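What follows is a set of notes on a single structure, which appears directly below.
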Amino acid sequence: MPTGGATDELQALMRGVVRRDRAAFAALYDRTAPQLFGIALRILRQREEAEDVLQEAFVAVWDRAASFDPERGSVMTWLVSVLRHRAIDRRRRRAHLEDRLGSEDDLLALTAGATDQADRGASLAALQKCLGELEPRPRRAVLLAYAYGYTHEELAKRLTTPIGTVKSWVRRSLERLKQCLDG
Amino acid sequence: MNYRDPKLRDLLAGEYAMGLLPPRARARFERLMAGDAELQRLVADWQERLAPIDGTAPPLAPPRRIWRAVEQGTLQRSFPPLPKGSGRLHSLAFWRGFAGAAAAIALALMIYIAAGSGPVPAPTVLAVLADSAGTPAFIATRAERGEQVSVAPVRAQSLEAQKSFELWAIAGGPPKPLGLVSATPGNPLLVSASAVVTAGTVLAVSLEPEGGSPTGLPTGPVLFQGKVLAEAN
């Protein structure tokens, strides 16, 4: 569950960044870079590329700080959104599909004992419960796509399932997740 | 596709948040989103729903050089060549941003100088100009009731060939050039006290072509800066 303290702290740092406060920017980096680096590494599975993406993302955070809207969501979620698309783009630029697919042995751990984050809009427990209500293979598709940045094509290959089927798995899963989380 | 169908909009927002839209579809969606606050809201809602998965990535401290590269990249952007109008505000806000950390260092130095000075009247530290990591690089001092302020590096600073350090004062308008400042101690730049002695004025050193900025406004990155403190007498 979100804890007020951590959320407030990140919000305050973010307001500082908007005011062009370098100290606030440095503190925001210190507080969030390890988690963001972990997220980039999971998508890219390659340290150097994850480092590049992290660096680009923080430069973009400085440039685009004013577009952060605290009414819309948490600071951490915004930072992740800045980072993730960059990481996914980088991953897609790899020439060979085979180079992009990893073993993802830890996939199941995603829905088990993961650490809850302080600054989260939704709770992991609620999402786990809702993910648990999906069929195993659609659930796997959702997690591979979100956590590891798989494309539809990669999901199809990985799950040895036609791409059309994979697409509709994800769509139906999103609908069901929304109903379960919002309902 | 009919982008007004609420169900489709929400679905696309979800796929966008997942990172599943292929590049062209994503670019189209982002253009659409730019002018559509409700679509932005749908995306943000999806991001919040999925965000708990982010926390399952094991965190890992990135190497320190990443932060240094981020600093480098953003410092240069923070100081555009100041064309006219809007750019100025952005840059001024940035200049002021730094001053807090430098003020603390200046205070510490003031105490240090006062304690070590004995009967000789100690110059007052007006400002400490620090780099982006907060390391003091230049110091501006003024003799008691002196007419001039002396600005010099606290230790030799590295400066590439065919470049100069130029000192600027910013107090609510465009930066005012104060002159070139040496990269080595022992040859301070003397400036008129009236040009800088106002608490809150920011002193900054930018990297310029040899001989100084050709435009009268900073053209290179701001490497060091600090706020002028209320004079302690």
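Each chain of the structure tokens is named A, B, ... in the order shown, its residues numbered from 1; ligands are numbered from 1 in display order.
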* Asked: For chain A, which residues have at least one atom within 8 Å of chain B, if we go by only C-alpha atoms? Write them as a ChimeraX atom specification, please.
  -> /A:19-23,29,33-39,42,51,54-56,58-59,62-63,72-74,77,80-81,84-85,88,110,114-117,120-124,127,145-147,149-152,171,174-175,178,181
Mind dumping the selected residues with C-alpha atoms as a PDB file, in the first residue's frame?
ATOM      1  CA  ARG A  19      11.482  24.677 -10.031  1.00  0.00           C
ATOM      2  CA  ARG A  20      14.848  23.597 -11.544  1.00  0.00           C
ATOM      3  CA  ASP A  21      16.247  22.724  -8.109  1.00  0.00           C
ATOM      4  CA  ARG A  22      19.341  20.637  -8.806  1.00  0.00           C
ATOM      5  CA  ALA A  23      19.548  19.299  -5.254  1.00  0.00           C
ATOM      6  CA  TYR A  29      17.685  10.280  -8.666  1.00  0.00           C
ATOM      7  CA  ALA A  33      17.340   5.216  -9.840  1.00  0.00           C
ATOM      8  CA  PRO A  34      17.971   1.735  -8.345  1.00  0.00           C
ATOM      9  CA  GLN A  35      14.363   0.663  -8.868  1.00  0.00           C
ATOM     10  CA  LEU A  36      14.272   2.153 -12.361  1.00  0.00           C
ATOM     11  CA  PHE A  37      17.575   0.527 -13.226  1.00  0.00           C
ATOM     12  CA  GLY A  38      16.138  -2.809 -12.105  1.00  0.00           C
ATOM     13  CA  ILE A  39      13.110  -2.302 -14.334  1.00  0.00           C
ATOM     14  CA  ARG A  42      14.615  -6.748 -16.604  1.00  0.00           C
ATOM     15  CA  GLU A  51      22.518   2.147 -18.223  1.00  0.00           C
ATOM     16  CA  LEU A  54      18.398   5.056 -17.424  1.00  0.00           C
ATOM     17  CA  GLN A  55      20.563   8.018 -18.336  1.00  0.00           C
ATOM     18  CA  GLU A  56      18.321   9.088 -21.220  1.00  0.00           C
ATOM     19  CA  PHE A  58      16.589  10.997 -16.315  1.00  0.00           C
ATOM     20  CA  VAL A  59      17.601  13.665 -18.812  1.00  0.00           C
ATOM     21  CA  TRP A  62      14.558  16.976 -16.135  1.00  0.00           C
ATOM     22  CA  ASP A  63      13.359  18.281 -19.489  1.00  0.00           C
ATOM     23  CA  ARG A  72      -2.977  11.818 -12.502  1.00  0.00           C
ATOM     24  CA  GLY A  73      -0.746   9.455 -10.632  1.00  0.00           C
ATOM     25  CA  SER A  74       2.274   8.909  -8.485  1.00  0.00           C
ATOM     26  CA  THR A  77       4.608   5.647 -11.978  1.00  0.00           C
ATOM     27  CA  VAL A  80       8.507   4.403 -14.942  1.00  0.00           C
ATOM     28  CA  SER A  81       6.430   5.586 -17.889  1.00  0.00           C
ATOM     29  CA  ARG A  84       9.724   1.908 -19.987  1.00  0.00           C
ATOM     30  CA  HIS A  85       8.931   3.027 -23.513  1.00  0.00           C
ATOM     31  CA  ILE A  88      11.061  -1.291 -24.952  1.00  0.00           C
ATOM     32  CA  LEU A 110       6.478 -11.967 -10.028  1.00  0.00           C
ATOM     33  CA  ALA A 114       7.646  -9.565  -4.523  1.00  0.00           C
ATOM     34  CA  THR A 115       8.467  -6.536  -2.474  1.00  0.00           C
ATOM     35  CA  ASP A 116       5.762  -3.943  -2.264  1.00  0.00           C
ATOM     36  CA  GLN A 117       6.813  -0.431  -3.140  1.00  0.00           C
ATOM     37  CA  ARG A 120       2.451   2.873  -5.506  1.00  0.00           C
ATOM     38  CA  GLY A 121      -0.927   3.831  -6.780  1.00  0.00           C
ATOM     39  CA  ALA A 122      -2.318   0.355  -6.410  1.00  0.00           C
ATOM     40  CA  SER A 123      -1.347  -2.463  -4.151  1.00  0.00           C
ATOM     41  CA  LEU A 124       0.556  -5.464  -5.354  1.00  0.00           C
ATOM     42  CA  LEU A 127      -3.113  -6.980  -8.575  1.00  0.00           C
ATOM     43  CA  ALA A 145       4.687  -8.098 -21.991  1.00  0.00           C
ATOM     44  CA  TYR A 146       4.636  -5.758 -19.029  1.00  0.00           C
ATOM     45  CA  ALA A 147       7.606  -6.913 -16.999  1.00  0.00           C
ATOM     46  CA  GLY A 149       8.698  -5.812 -22.661  1.00  0.00           C
ATOM     47  CA  TYR A 150       7.661  -8.609 -25.013  1.00  0.00           C
ATOM     48  CA  THR A 151       5.916  -7.638 -28.260  1.00  0.00           C
ATOM     49  CA  HIS A 152       2.902  -9.531 -29.584  1.00  0.00           C
ATOM     50  CA  ARG A 171      -7.056  -7.678 -24.607  1.00  0.00           C
ATOM     51  CA  LEU A 174      -6.813  -6.263 -19.632  1.00  0.00           C
ATOM     52  CA  GLU A 175     -10.602  -6.069 -19.550  1.00  0.00           C
ATOM     53  CA  LYS A 178      -9.774  -3.660 -14.981  1.00  0.00           C
ATOM     54  CA  LEU A 181      -9.269  -3.983  -9.834  1.00  0.00           C
TER      55      LEU A 181
END
* **Test item: residues at most 9 Å from range 174-184 of chain B, only C-alpha atoms, excluding those fewer than 6 positions along its chain, as number ranges by chain** => B: 82, 88, 92, 151-159, 164-168, 190-192, 195, 204-205, 211-213, 216-218
